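Next comes input_19.pdb, with PDB, C-alpha atoms.
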```pdb
ATOM      1  CA  MET A   1       0.483  20.832 -24.885  1.00  0.00           C
ATOM      2  CA  THR A   2      -2.546  22.463 -23.383  1.00  0.00           C
ATOM      3  CA  PHE A   3      -3.063  23.108 -19.707  1.00  0.00           C
ATOM      4  CA  LYS A   4      -5.882  20.532 -19.722  1.00  0.00           C
ATOM      5  CA  HIS A   5      -3.497  17.879 -21.042  1.00  0.00           C
ATOM      6  CA  ILE A   6      -0.784  18.799 -18.521  1.00  0.00           C
ATOM      7  CA  ALA A   7      -3.307  18.737 -15.668  1.00  0.00           C
ATOM      8  CA  LYS A   8      -4.675  15.337 -16.728  1.00  0.00           C
ATOM      9  CA  GLU A   9      -1.307  13.683 -17.384  1.00  0.00           C
ATOM     10  CA  TYR A  10       0.846  15.217 -14.647  1.00  0.00           C
ATOM     11  CA  ILE A  11      -0.865  17.346 -12.018  1.00  0.00           C
ATOM     12  CA  LEU A  12      -3.912  15.170 -11.237  1.00  0.00           C
ATOM     13  CA  PRO A  13      -2.060  11.818 -11.043  1.00  0.00           C
ATOM     14  CA  TYR A  14       0.665  13.134  -8.748  1.00  0.00           C
ATOM     15  CA  PHE A  15      -1.859  14.980  -6.586  1.00  0.00           C
ATOM     16  CA  ALA A  16      -3.967  11.806  -6.302  1.00  0.00           C
ATOM     17  CA  ILE A  17      -0.921   9.633  -5.549  1.00  0.00           C
ATOM     18  CA  THR A  18       0.025  12.115  -2.821  1.00  0.00           C
ATOM     19  CA  ILE A  19      -3.457  11.897  -1.248  1.00  0.00           C
ATOM     20  CA  GLY A  20      -3.402   8.083  -1.452  1.00  0.00           C
ATOM     21  CA  ALA A  21       0.086   7.792   0.060  1.00  0.00           C
ATOM     22  CA  VAL A  22      -0.853  10.111   2.931  1.00  0.00           C
ATOM     23  CA  ALA A  23      -4.076   8.171   3.596  1.00  0.00           C
ATOM     24  CA  ALA A  24      -2.295   4.790   3.560  1.00  0.00           C
ATOM     25  CA  ALA A  25       0.550   5.951   5.823  1.00  0.00           C
ATOM     26  CA  PHE A  26      -1.915   7.573   8.232  1.00  0.00           C
ATOM     27  CA  ALA A  27      -4.042   4.399   8.348  1.00  0.00           C
ATOM     28  CA  LEU A  28      -1.018   2.268   9.164  1.00  0.00           C
ATOM     29  CA  GLU A  29       0.641   4.512  11.729  1.00  0.00           C
ATOM     30  CA  GLU A  30      -2.467   5.809  13.483  1.00  0.00           C
ATOM     31  CA  PHE A  31      -4.801   2.806  13.398  1.00  0.00           C
ATOM     32  CA  LEU A  32      -3.255  -0.507  12.410  1.00  0.00           C
ATOM     33  CA  ILE A  33       0.316  -0.577  13.765  1.00  0.00           C
ATOM     34  CA  PRO A  34      -0.586   0.735  17.264  1.00  0.00           C
ATOM     35  CA  SER A  35      -3.184  -2.054  17.515  1.00  0.00           C
ATOM     36  CA  THR A  36      -0.625  -4.624  16.263  1.00  0.00           C
ATOM     37  CA  ILE A  37      -2.638  -5.249  13.104  1.00  0.00           C
ATOM     38  CA  LEU A  38      -0.295  -6.358  10.365  1.00  0.00           C
ATOM     39  CA  ASP A  39      -0.438  -5.238   6.746  1.00  0.00           C
ATOM     40  CA  GLY A  40       0.549  -7.669   4.004  1.00  0.00           C
ATOM     41  CA  GLY A  41       3.257  -7.550   1.376  1.00  0.00           C
ATOM     42  CA  ILE A  42       6.502  -5.642   1.660  1.00  0.00           C
ATOM     43  CA  THR A  43       4.921  -3.210   4.105  1.00  0.00           C
ATOM     44  CA  GLY A  44       3.951  -6.121   6.380  1.00  0.00           C
ATOM     45  CA  ILE A  45       7.465  -7.538   6.177  1.00  0.00           C
ATOM     46  CA  SER A  46       8.775  -4.047   6.992  1.00  0.00           C
ATOM     47  CA  ILE A  47       6.522  -3.890  10.066  1.00  0.00           C
ATOM     48  CA  ILE A  48       7.830  -7.266  11.249  1.00  0.00           C
ATOM     49  CA  LEU A  49      11.450  -6.197  10.662  1.00  0.00           C
ATOM     50  CA  ASN A  50      10.737  -2.990  12.586  1.00  0.00           C
ATOM     51  CA  GLN A  51       9.477  -5.059  15.528  1.00  0.00           C
ATOM     52  CA  LEU A  52      12.542  -7.311  15.399  1.00  0.00           C
ATOM     53  CA  THR A  53      15.241  -4.652  14.894  1.00  0.00           C
ATOM     54  CA  GLY A  54      13.778  -1.343  16.081  1.00  0.00           C
ATOM     55  CA  LYS A  55      14.756   0.323  12.777  1.00  0.00           C
ATOM     56  CA  GLY A  56      12.192   2.505  11.003  1.00  0.00           C
ATOM     57  CA  ILE A  57       9.501   0.898   8.864  1.00  0.00           C
ATOM     58  CA  SER A  58      10.106   3.481   6.143  1.00  0.00           C
ATOM     59  CA  ILE A  59      13.724   2.352   5.672  1.00  0.00           C
ATOM     60  CA  PHE A  60      12.622  -1.227   5.083  1.00  0.00           C
ATOM     61  CA  VAL A  61       9.797  -0.111   2.779  1.00  0.00           C
ATOM     62  CA  ILE A  62      12.269   1.689   0.508  1.00  0.00           C
ATOM     63  CA  ILE A  63      15.016  -0.960   0.538  1.00  0.00           C
ATOM     64  CA  LEU A  64      12.759  -3.999   0.123  1.00  0.00           C
ATOM     65  CA  ASN A  65      10.689  -2.376  -2.629  1.00  0.00           C
ATOM     66  CA  LEU A  66      13.654  -1.382  -4.824  1.00  0.00           C
ATOM     67  CA  PRO A  67      13.837  -4.690  -6.748  1.00  0.00           C
ATOM     68  CA  PHE A  68      10.088  -4.534  -7.420  1.00  0.00           C
ATOM     69  CA  VAL A  69      10.268  -0.945  -8.664  1.00  0.00           C
ATOM     70  CA  LEU A  70      13.072  -1.896 -11.042  1.00  0.00           C
ATOM     71  CA  LEU A  71      11.064  -4.899 -12.254  1.00  0.00           C
ATOM     72  CA  GLY A  72       8.049  -2.637 -12.737  1.00  0.00           C
ATOM     73  CA  PHE A  73      10.168  -0.173 -14.704  1.00  0.00           C
ATOM     74  CA  LYS A  74      11.502  -2.948 -16.936  1.00  0.00           C
ATOM     75  CA  GLN A  75       8.001  -4.273 -17.653  1.00  0.00           C
ATOM     76  CA  LEU A  76       5.830  -1.138 -17.420  1.00  0.00           C
ATOM     77  CA  GLY A  77       8.123   1.732 -18.442  1.00  0.00           C
ATOM     78  CA  TRP A  78       9.185   5.211 -17.334  1.00  0.00           C
ATOM     79  CA  ARG A  79       5.738   6.522 -16.427  1.00  0.00           C
ATOM     80  CA  PHE A  80       5.301   3.684 -13.952  1.00  0.00           C
ATOM     81  CA  LEU A  81       8.815   4.144 -12.567  1.00  0.00           C
ATOM     82  CA  LEU A  82       8.242   7.841 -11.883  1.00  0.00           C
ATOM     83  CA  ARG A  83       4.768   7.421 -10.390  1.00  0.00           C
ATOM     84  CA  GLY A  84       5.665   4.266  -8.459  1.00  0.00           C
ATOM     85  CA  ALA A  85       8.864   5.702  -6.994  1.00  0.00           C
ATOM     86  CA  TYR A  86       7.054   8.951  -6.145  1.00  0.00           C
ATOM     87  CA  GLY A  87       4.301   7.016  -4.327  1.00  0.00           C
ATOM     88  CA  MET A  88       6.716   4.814  -2.383  1.00  0.00           C
ATOM     89  CA  ILE A  89       8.964   7.694  -1.349  1.00  0.00           C
ATOM     90  CA  LEU A  90       5.988   9.767  -0.171  1.00  0.00           C
ATOM     91  CA  PHE A  91       4.495   6.755   1.608  1.00  0.00           C
ATOM     92  CA  SER A  92       7.794   6.198   3.444  1.00  0.00           C
ATOM     93  CA  PHE A  93       8.103   9.891   4.287  1.00  0.00           C
ATOM     94  CA  PHE A  94       4.607  10.011   5.770  1.00  0.00           C
ATOM     95  CA  LEU A  95       5.151   6.766   7.704  1.00  0.00           C
ATOM     96  CA  GLU A  96       8.043   8.561   9.428  1.00  0.00           C
ATOM     97  CA  LEU A  97       6.037  11.742   9.879  1.00  0.00           C
ATOM     98  CA  PHE A  98       3.041   9.979  11.457  1.00  0.00           C
ATOM     99  CA  LYS A  99       4.950   7.525  13.672  1.00  0.00           C
ATOM    100  CA  ASP A 100       5.208   9.987  16.574  1.00  0.00           C
ATOM    101  CA  VAL A 101       1.591  11.151  16.366  1.00  0.00           C
ATOM    102  CA  PRO A 102      -0.501   9.569  19.160  1.00  0.00           C
ATOM    103  CA  GLU A 103      -2.818   6.780  18.021  1.00  0.00           C
ATOM    104  CA  ILE A 104      -6.408   7.746  17.344  1.00  0.00           C
ATOM    105  CA  THR A 105      -8.072   4.785  19.043  1.00  0.00           C
ATOM    106  CA  SER A 106      -6.987   1.882  21.204  1.00  0.00           C
ATOM    107  CA  THR A 107     -10.138  -0.079  20.378  1.00  0.00           C
ATOM    108  CA  GLU A 108      -9.048  -2.875  18.050  1.00  0.00           C
ATOM    109  CA  LEU A 109     -12.362  -3.103  16.191  1.00  0.00           C
ATOM    110  CA  LEU A 110     -12.362   0.616  15.396  1.00  0.00           C
ATOM    111  CA  ALA A 111      -8.722   0.398  14.335  1.00  0.00           C
ATOM    112  CA  VAL A 112      -9.533  -2.475  11.975  1.00  0.00           C
ATOM    113  CA  VAL A 113     -12.570  -0.786  10.468  1.00  0.00           C
ATOM    114  CA  PHE A 114     -11.203   2.735  10.042  1.00  0.00           C
ATOM    115  CA  GLY A 115      -7.617   1.675   9.362  1.00  0.00           C
ATOM    116  CA  GLY A 116      -8.672  -0.988   6.855  1.00  0.00           C
ATOM    117  CA  VAL A 117     -11.018   1.325   4.979  1.00  0.00           C
ATOM    118  CA  LEU A 118      -8.565   4.242   4.929  1.00  0.00           C
ATOM    119  CA  LEU A 119      -5.678   2.006   3.856  1.00  0.00           C
ATOM    120  CA  GLY A 120      -7.794   0.421   1.133  1.00  0.00           C
ATOM    121  CA  VAL A 121      -8.960   3.765  -0.191  1.00  0.00           C
ATOM    122  CA  GLY A 122      -5.406   5.142  -0.149  1.00  0.00           C
ATOM    123  CA  VAL A 123      -3.941   2.160  -2.002  1.00  0.00           C
ATOM    124  CA  GLY A 124      -6.858   2.190  -4.437  1.00  0.00           C
ATOM    125  CA  ILE A 125      -6.317   5.851  -5.303  1.00  0.00           C
ATOM    126  CA  VAL A 126      -2.603   5.295  -5.842  1.00  0.00           C
ATOM    127  CA  LEU A 127      -3.216   2.278  -8.101  1.00  0.00           C
ATOM    128  CA  ARG A 128      -5.946   4.111 -10.015  1.00  0.00           C
ATOM    129  CA  TYR A 129      -3.514   6.860 -10.972  1.00  0.00           C
ATOM    130  CA  GLY A 130      -0.645   4.592 -12.002  1.00  0.00           C
ATOM    131  CA  GLY A 131       1.472   4.523  -8.854  1.00  0.00           C
ATOM    132  CA  CYS A 132       2.144   1.951  -6.179  1.00  0.00           C
ATOM    133  CA  LEU A 133       3.131   1.815  -2.516  1.00  0.00           C
ATOM    134  CA  ASP A 134       4.248  -1.795  -2.189  1.00  0.00           C
ATOM    135  CA  GLY A 135       6.073  -4.335  -4.333  1.00  0.00           C
ATOM    136  CA  THR A 136       3.156  -6.752  -4.177  1.00  0.00           C
ATOM    137  CA  GLU A 137       1.076  -4.230  -6.108  1.00  0.00           C
ATOM    138  CA  ILE A 138       3.670  -4.353  -8.879  1.00  0.00           C
ATOM    139  CA  VAL A 139       3.556  -8.150  -8.906  1.00  0.00           C
ATOM    140  CA  ALA A 140      -0.257  -8.004  -9.090  1.00  0.00           C
ATOM    141  CA  LEU A 141      -0.122  -5.561 -12.015  1.00  0.00           C
ATOM    142  CA  LEU A 142       2.356  -7.737 -13.895  1.00  0.00           C
ATOM    143  CA  LEU A 143       0.394 -10.930 -13.209  1.00  0.00           C
ATOM    144  CA  SER A 144      -2.821  -9.294 -14.407  1.00  0.00           C
ATOM    145  CA  LYS A 145      -1.140  -8.711 -17.773  1.00  0.00           C
ATOM    146  CA  LYS A 146      -0.089 -12.382 -18.028  1.00  0.00           C
ATOM    147  CA  THR A 147      -3.095 -14.216 -16.531  1.00  0.00           C
ATOM    148  CA  GLN A 148      -6.872 -14.071 -16.746  1.00  0.00           C
ATOM    149  CA  PHE A 149      -7.027 -12.688 -13.182  1.00  0.00           C
ATOM    150  CA  SER A 150      -7.429  -8.975 -12.543  1.00  0.00           C
ATOM    151  CA  CYS A 151      -4.923  -6.874 -10.644  1.00  0.00           C
ATOM    152  CA  ARG A 152      -7.418  -6.813  -7.767  1.00  0.00           C
ATOM    153  CA  ALA A 153      -7.715 -10.628  -7.645  1.00  0.00           C
ATOM    154  CA  ASN A 154      -3.940 -11.159  -7.830  1.00  0.00           C
ATOM    155  CA  TYR A 155      -3.281  -8.586  -5.104  1.00  0.00           C
ATOM    156  CA  PHE A 156      -5.946 -10.048  -2.812  1.00  0.00           C
ATOM    157  CA  ARG A 157      -4.579 -13.588  -3.240  1.00  0.00           C
ATOM    158  CA  HIS A 158      -1.056 -12.449  -2.409  1.00  0.00           C
ATOM    159  CA  GLN A 159      -2.130 -10.414   0.608  1.00  0.00           C
ATOM    160  CA  HIS A 160      -4.238 -13.277   1.950  1.00  0.00           C
ATOM    161  CA  SER A 161      -1.369 -15.767   1.680  1.00  0.00           C
ATOM    162  CA  ASN A 162       1.023 -13.305   3.362  1.00  0.00           C
ATOM    163  CA  LEU A 163      -1.360 -12.792   6.236  1.00  0.00           C
ATOM    164  CA  ARG A 164      -1.955 -16.500   6.745  1.00  0.00           C
ATOM    165  CA  GLY A 165       1.796 -17.033   6.985  1.00  0.00           C
ATOM    166  CA  SER A 166       2.447 -14.092   9.291  1.00  0.00           C
ATOM    167  CA  ARG A 167      -0.502 -14.539  11.627  1.00  0.00           C
ATOM    168  CA  HIS A 168       1.661 -16.355  14.167  1.00  0.00           C
ATOM    169  CA  THR A 169       4.428 -13.733  14.160  1.00  0.00           C
ATOM    170  CA  VAL A 170       2.393 -10.831  15.535  1.00  0.00           C
ATOM    171  CA  ARG A 171      -0.305 -11.032  18.231  1.00  0.00           C
ATOM    172  CA  LEU A 172      -3.487 -11.001  16.156  1.00  0.00           C
ATOM    173  CA  GLY A 173      -6.776 -12.824  15.938  1.00  0.00           C
ATOM    174  CA  GLN A 174      -7.612 -14.469  12.620  1.00  0.00           C
ATOM    175  CA  SER A 175     -10.981 -12.735  12.387  1.00  0.00           C
ATOM    176  CA  THR A 176      -9.340  -9.346  12.950  1.00  0.00           C
ATOM    177  CA  ILE A 177      -6.968  -9.922  10.058  1.00  0.00           C
ATOM    178  CA  GLN A 178      -9.713 -11.116   7.776  1.00  0.00           C
ATOM    179  CA  SER A 179     -11.953  -8.175   8.659  1.00  0.00           C
ATOM    180  CA  ALA A 180      -9.204  -5.660   7.946  1.00  0.00           C
ATOM    181  CA  TYR A 181      -8.458  -7.155   4.580  1.00  0.00           C
ATOM    182  CA  ILE A 182     -12.026  -7.550   3.515  1.00  0.00           C
ATOM    183  CA  PHE A 183     -12.424  -3.785   4.030  1.00  0.00           C
ATOM    184  CA  HIS A 184      -9.017  -3.149   2.488  1.00  0.00           C
ATOM    185  CA  TYR A 185      -9.939  -5.212  -0.581  1.00  0.00           C
ATOM    186  CA  LEU A 186     -13.480  -3.942  -1.058  1.00  0.00           C
ATOM    187  CA  GLN A 187     -12.761  -0.259  -0.547  1.00  0.00           C
ATOM    188  CA  GLY A 188      -9.529   0.272  -2.394  1.00  0.00           C
ATOM    189  CA  HIS A 189      -8.912  -2.328  -5.031  1.00  0.00           C
ATOM    190  CA  ARG A 190     -11.368  -1.430  -7.725  1.00  0.00           C
ATOM    191  CA  HIS A 191      -8.538  -1.129 -10.256  1.00  0.00           C
ATOM    192  CA  GLY A 192      -8.165  -4.005 -12.676  1.00  0.00           C
TER     193      GLY A 192
END
```

Could I get this structure in the form of structure tokens?
Amino acid sequence: MTFKHIAKEYILPYFAITIGAVAAAFALEEFLIPSTILDGGITGISIILNQLTGKGISIFVIILNLPFVLLGFKQLGWRFLLRGAYGMILFSFFLELFKDVPEITSTELLAVVFGGVLLGVGVGIVLRYGGCLDGTEIVALLLSKKTQFSCRANYFRHQHSNLRGSRHTVRLGQSTIQSAYIFHYLQGHRHG
């Protein structure tokens, strides 16, 4: 193996997944969560469980994503398992690291715009390089292989239905949720 091959297959993907996981965790902890803006999927469920129990979001992210990672491994193989687990573990680590950092803005609109864009870009980078941060991304990848819909379309549908169902659990306005996810979708989910 040449250095170019090693860099392309190992160094670049893990570096990119690291950048994406840091960006997504930062967006959640510094913009969205302080403004009570809910994410979708397993991360959104983890945020709700955090609010109900006081336990760390990162613990729920790891525990609730385990079945999805194993499903992804079974369907997508070792490369996915290693990159997916790496992304989720880093994402959880940085959620913990950033939770005590003071929020950047208390203006909800700014939190939605900057948090949504940064989260979307982070998730998009991770997906682009073969990792994942949330079990719903795994479901979207698997569905894209079995249906005519792209990974992006499957992920967006799932996130939208999660948000519609959770809107009443956390104090949010419908337009705020939709704005965050439009940015999240447009900026980060170019994969598929």

So that I can check the surroundings of Ile48 (chain A), please list as a PyMOL selection string every protein, DNA and RNA residue that reaches within 10 Å of it, counting all atoms listed in the file and ignoring chain neighbours fewer than 3 positions away.
chain A and resi 38-39+42-45+51-54+57+60+166+169-170

Closest to Ala21 (chain A) among A:Leu141, A:Ala111, A:Leu97, A:Met88, using only C-alpha atoms?
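Among the listed residues, the smallest separation from Ala21 (chain A) belongs to A:Met88.
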
State, in Å with one decimal place, the distance from CA of Ile33 (chain A) to CA of Ile89 (chain A).
19.3 Å

Residue members of the PyMOL selection byres ((chain A and resi 18) around 9) in the file shown, as a VMD selection string:
chain A and resid 13 to 17 19 to 23 86 to 87 90 to 91 126

Nearest residue to Val117 (chain A) from the set A:Ile37, A:Met1, A:Ile59, A:Ala27 (distances using only C-alpha atoms):
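Result for the nearest residue to Val117 (chain A): A:Ala27.
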
Name the residues that the PyMOL selection byres ((chain A and resi 108) around 9) pulls out of this structure, and write them as a compact mmCIF listing (two decimals) with C-alpha atoms, in the frame of the given file.
```
# COMPACT_ATOMS: atom_id res chain seq x y z
CA PHE A 31 -4.80 2.81 13.40
CA LEU A 32 -3.26 -0.51 12.41
CA SER A 35 -3.18 -2.05 17.52
CA THR A 36 -0.62 -4.62 16.26
CA ILE A 37 -2.64 -5.25 13.10
CA THR A 105 -8.07 4.78 19.04
CA SER A 106 -6.99 1.88 21.20
CA THR A 107 -10.14 -0.08 20.38
CA LEU A 109 -12.36 -3.10 16.19
CA LEU A 110 -12.36 0.62 15.40
CA ALA A 111 -8.72 0.40 14.34
CA VAL A 112 -9.53 -2.48 11.98
CA VAL A 113 -12.57 -0.79 10.47
CA THR A 176 -9.34 -9.35 12.95
```

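Picture a line from CA of Gly84 (chain A) to CA of Ser46 (chain A); it runs 17.8 Å.
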
Please measure the separation of CA of Ile11 (chain A) and CA of Gly116 (chain A), giving the value in Å to one decimal.
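So the two atoms, CA of Ile11 (chain A) and CA of Gly116 (chain A), lie 27.4 Å apart.
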
Nearest to Leu66 (chain A) among A:Leu49, A:Cys132, A:Leu28, A:Ala85, with distances taken over all atoms listed in the file: which residue is it?
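Closest candidate: A:Ala85.
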